Amino acid sequence: MTIVSTRDFRANQGKYLSMALEGHDVVLRSRRGSFRLTPIEDEEEQPKRDVTAEICRGMKEWKKYLETGESDYFRPAEELLYELQNSDK
């Protein structure tokens with residue numbers, strides 16, 4: 001296992017990425033914690049988001065909320081403010 005600082009990693013990224021691709025364990029250690037470099041296979045990559053479809057779903061949900069006052073996502077501002085004011089209690 002190779003442990004490197006984030007500073008060293010930034011200076012030698014290609015070296016450490018190549019090591020990870022070859023199967024070596026490479027760990028980045030920083031003030032925020034330790035992180036293992038792991039290559040991702042093509043089939044493991046996240047599918048591309050369909051942003052247009054997400055926007056359309058959001059607009060339909062907003063329209064439903066405006067018409068019925070019911071939604072899984074939207075709540076009245078008063079309810080959110082009450083929750084924020086009482087979250088520390």
# chains A, B, ... in the order shown; residues from 1 in each chain; ligands from 1

call {"tool": "residues_around", "arguments": {"residues": "segment 7-18 of chain A", "least_positions_apart": "3", "cutoff": "8 Å", "atoms": "only C-alpha atoms", "output": "MDAnalysis selection string"}}
result
chainID A and resid 4 21:22 26 28 37

call {"tool": "write_last_selection", "arguments": {"atoms": "N, CA, C and O atoms", "output": "mmCIF file, in the first residue's frame"}}
result
data_model
loop_
_atom_site.group_PDB
_atom_site.id
_atom_site.type_symbol
_atom_site.label_atom_id
_atom_site.label_comp_id
_atom_site.auth_asym_id
_atom_site.auth_seq_id
_atom_site.Cartn_x
_atom_site.Cartn_y
_atom_site.Cartn_z
ATOM 1 N N VAL A 4 0.108 8.577 0.347
ATOM 2 C CA VAL A 4 0.667 9.852 -0.102
ATOM 3 C C VAL A 4 -0.140 11.008 0.451
ATOM 4 O O VAL A 4 -1.329 10.883 0.729
ATOM 5 N N LEU A 21 -4.339 2.131 -11.453
ATOM 6 C CA LEU A 21 -4.793 1.349 -12.609
ATOM 7 C C LEU A 21 -4.122 -0.017 -12.671
ATOM 8 O O LEU A 21 -4.711 -0.988 -13.132
ATOM 9 N N GLU A 22 -2.879 -0.088 -12.199
ATOM 10 C CA GLU A 22 -2.135 -1.358 -12.199
ATOM 11 C C GLU A 22 -2.514 -2.248 -11.030
ATOM 12 O O GLU A 22 -1.998 -3.353 -10.895
ATOM 13 N N VAL A 26 -3.471 2.733 -3.411
ATOM 14 C CA VAL A 26 -2.955 4.083 -3.216
ATOM 15 C C VAL A 26 -3.939 4.814 -2.318
ATOM 16 O O VAL A 26 -5.136 4.881 -2.606
ATOM 17 N N LEU A 28 -4.722 8.433 -0.275
ATOM 18 C CA LEU A 28 -4.418 9.848 -0.072
ATOM 19 C C LEU A 28 -4.756 10.183 1.365
ATOM 20 O O LEU A 28 -5.840 9.883 1.841
ATOM 21 N N LEU A 37 -7.684 5.440 -3.798
ATOM 22 C CA LEU A 37 -7.888 5.595 -5.242
ATOM 23 C C LEU A 37 -8.298 4.253 -5.810
ATOM 24 O O LEU A 37 -7.603 3.260 -5.633
#

call {"tool": "select_by_dssp", "arguments": {"residues": "chain A", "states": "helix (DSSP H, G or I)", "output": "ChimeraX atom specification"}}
result
/A:6-11,13-21,42-44,51-68,77-85

call {"tool": "atom_distance", "arguments": {"atom1": "atom CA of Asp50 of chain A", "atom2": "atom CA of Leu66 of chain A"}}
result
24.6 Å

call {"tool": "select_by_dssp", "arguments": {"residues": "chain A", "states": "strand (DSSP E)", "output": "list in words"}}
result
Thr2, Ile3, Val4, Ser5, Val26, Val27, Leu28, Arg29, Ser30, Gly33, Ser34, Phe35, Arg36 and Leu37 of chain A

call {"tool": "atom_distance", "arguments": {"atom1": "atom CA of Gly23 of chain A", "atom2": "atom CA of Arg36 of chain A"}}
result
11.8 Å

call {"tool": "atom_distance", "arguments": {"atom1": "atom CA of His24 of chain A", "atom2": "atom CA of Ile40 of chain A"}}
result
14.0 Å

call {"tool": "residues_around", "arguments": {"residues": "Gly58 of chain A", "least_positions_apart": "5", "cutoff": "12 Å", "atoms": "only C-alpha atoms", "output": "list in words"}}
result
Val51, Thr52, Ala53, Lys63, Lys64, Tyr65, Ser71, Asp72, Tyr73 and Phe74 of chain A

call {"tool": "decode", "arguments": {"residues": "segment 71-87 of chain A", "atoms": "all heavy atoms", "output": "short mmCIF file (atom, residue, chain, number, x, y, z; two decimals), in the first residue's frame"}}
result
data_model
loop_
_atom_site.label_atom_id
_atom_site.label_comp_id
_atom_site.auth_asym_id
_atom_site.auth_seq_id
_atom_site.Cartn_x
_atom_site.Cartn_y
_atom_site.Cartn_z
N SER A 71 -47.82 17.79 -2.02
CA SER A 71 -46.59 17.45 -2.70
C SER A 71 -45.70 16.64 -1.78
O SER A 71 -45.73 16.82 -0.56
CB SER A 71 -45.85 18.71 -3.15
OG SER A 71 -44.58 18.37 -3.64
N ASP A 72 -44.91 15.78 -2.37
CA ASP A 72 -43.91 15.04 -1.60
C ASP A 72 -42.67 15.90 -1.38
O ASP A 72 -41.84 15.60 -0.53
CB ASP A 72 -43.51 13.76 -2.33
CG ASP A 72 -44.67 12.79 -2.45
OD1 ASP A 72 -45.57 12.83 -1.59
OD2 ASP A 72 -44.68 12.00 -3.41
N TYR A 73 -42.51 16.96 -2.17
CA TYR A 73 -41.29 17.75 -2.14
C TYR A 73 -41.46 19.16 -1.62
O TYR A 73 -40.58 19.70 -0.98
CB TYR A 73 -40.68 17.83 -3.55
CG TYR A 73 -40.41 16.47 -4.13
CD1 TYR A 73 -41.25 15.92 -5.09
CD2 TYR A 73 -39.34 15.71 -3.70
CE1 TYR A 73 -41.02 14.66 -5.61
CE2 TYR A 73 -39.10 14.46 -4.21
CZ TYR A 73 -39.94 13.93 -5.17
OH TYR A 73 -39.71 12.69 -5.68
N PHE A 74 -42.58 19.77 -1.92
CA PHE A 74 -42.78 21.17 -1.56
C PHE A 74 -43.63 21.27 -0.31
O PHE A 74 -44.60 20.56 -0.14
CB PHE A 74 -43.46 21.92 -2.71
CG PHE A 74 -42.67 21.86 -3.98
CD1 PHE A 74 -43.11 21.08 -5.03
CD2 PHE A 74 -41.49 22.57 -4.13
CE1 PHE A 74 -42.38 21.00 -6.21
CE2 PHE A 74 -40.76 22.51 -5.29
CZ PHE A 74 -41.21 21.72 -6.34
N ARG A 75 -43.22 22.22 0.57
CA ARG A 75 -43.99 22.47 1.78
C ARG A 75 -44.15 23.97 1.93
O ARG A 75 -43.33 24.73 1.44
CB ARG A 75 -43.24 21.91 2.99
CG ARG A 75 -43.16 20.39 2.95
CD ARG A 75 -42.55 19.87 4.20
NE ARG A 75 -41.12 20.16 4.19
CZ ARG A 75 -40.35 20.06 5.26
NH1 ARG A 75 -40.83 19.71 6.41
NH2 ARG A 75 -39.07 20.34 5.17
N PRO A 76 -45.18 24.39 2.64
CA PRO A 76 -45.36 25.83 2.85
C PRO A 76 -44.16 26.44 3.57
O PRO A 76 -43.53 25.79 4.41
CB PRO A 76 -46.61 25.91 3.73
CG PRO A 76 -47.31 24.61 3.54
CD PRO A 76 -46.24 23.61 3.24
N ALA A 77 -43.83 27.68 3.23
CA ALA A 77 -42.69 28.37 3.83
C ALA A 77 -42.82 28.43 5.35
O ALA A 77 -41.83 28.29 6.07
CB ALA A 77 -42.55 29.76 3.24
N GLU A 78 -44.04 28.63 5.84
CA GLU A 78 -44.25 28.71 7.29
C GLU A 78 -43.81 27.42 7.98
O GLU A 78 -43.22 27.44 9.05
CB GLU A 78 -45.73 28.99 7.61
CG GLU A 78 -46.22 30.34 7.12
CD GLU A 78 -46.60 30.33 5.64
OE1 GLU A 78 -46.72 29.27 5.01
OE2 GLU A 78 -46.76 31.44 5.10
N GLU A 79 -44.11 26.29 7.34
CA GLU A 79 -43.73 24.99 7.91
C GLU A 79 -42.21 24.84 7.96
O GLU A 79 -41.65 24.38 8.94
CB GLU A 79 -44.35 23.87 7.07
CG GLU A 79 -44.15 22.49 7.64
CD GLU A 79 -44.83 21.44 6.77
OE1 GLU A 79 -45.97 21.68 6.32
OE2 GLU A 79 -44.21 20.38 6.56
N LEU A 80 -41.54 25.26 6.90
CA LEU A 80 -40.08 25.18 6.87
C LEU A 80 -39.45 26.10 7.90
O LEU A 80 -38.49 25.72 8.59
CB LEU A 80 -39.56 25.53 5.47
CG LEU A 80 -39.92 24.55 4.37
CD1 LEU A 80 -39.52 25.11 3.01
CD2 LEU A 80 -39.24 23.21 4.61
N LEU A 81 -39.99 27.33 8.03
CA LEU A 81 -39.46 28.26 9.03
C LEU A 81 -39.65 27.72 10.44
O LEU A 81 -38.76 27.81 11.28
CB LEU A 81 -40.14 29.62 8.89
CG LEU A 81 -39.72 30.44 7.67
CD1 LEU A 81 -40.58 31.69 7.54
CD2 LEU A 81 -38.26 30.81 7.75
N TYR A 82 -40.82 27.15 10.71
CA TYR A 82 -41.08 26.57 12.02
C TYR A 82 -40.07 25.45 12.31
O TYR A 82 -39.51 25.37 13.41
CB TYR A 82 -42.51 26.02 12.09
CG TYR A 82 -42.82 25.36 13.41
CD1 TYR A 82 -43.16 26.13 14.53
CD2 TYR A 82 -42.75 23.98 13.55
CE1 TYR A 82 -43.44 25.52 15.73
CE2 TYR A 82 -43.01 23.37 14.75
CZ TYR A 82 -43.36 24.14 15.86
OH TYR A 82 -43.60 23.54 17.06
N GLU A 83 -39.81 24.62 11.33
CA GLU A 83 -38.86 23.51 11.50
C GLU A 83 -37.46 24.05 11.77
O GLU A 83 -36.76 23.54 12.64
CB GLU A 83 -38.86 22.66 10.23
CG GLU A 83 -38.03 21.41 10.33
CD GLU A 83 -38.12 20.56 9.08
OE1 GLU A 83 -39.24 20.38 8.56
OE2 GLU A 83 -37.07 20.10 8.62
N LEU A 84 -37.05 25.09 11.06
CA LEU A 84 -35.73 25.68 11.27
C LEU A 84 -35.62 26.31 12.65
O LEU A 84 -34.60 26.17 13.33
CB LEU A 84 -35.43 26.74 10.20
CG LEU A 84 -35.10 26.21 8.83
CD1 LEU A 84 -35.04 27.36 7.83
CD2 LEU A 84 -33.78 25.46 8.83
N GLN A 85 -36.66 27.02 13.08
CA GLN A 85 -36.63 27.68 14.37
C GLN A 85 -36.58 26.68 15.52
O GLN A 85 -36.02 26.97 16.57
CB GLN A 85 -37.85 28.59 14.53
CG GLN A 85 -37.80 29.80 13.63
CD GLN A 85 -39.12 30.56 13.61
OE1 GLN A 85 -40.13 30.08 14.08
NE2 GLN A 85 -39.09 31.77 13.07
N ASN A 86 -37.16 25.52 15.33
CA ASN A 86 -37.24 24.53 16.42
C ASN A 86 -36.26 23.38 16.25
O ASN A 86 -36.33 22.42 17.01
CB ASN A 86 -38.67 23.99 16.51
CG ASN A 86 -39.62 25.08 16.92
OD1 ASN A 86 -39.46 25.68 17.96
ND2 ASN A 86 -40.59 25.36 16.06
N SER A 87 -35.34 23.49 15.34
CA SER A 87 -34.40 22.38 15.10
C SER A 87 -33.34 22.28 16.20
O SER A 87 -32.80 21.22 16.43
CB SER A 87 -33.72 22.53 13.74
OG SER A 87 -32.94 23.71 13.71
#
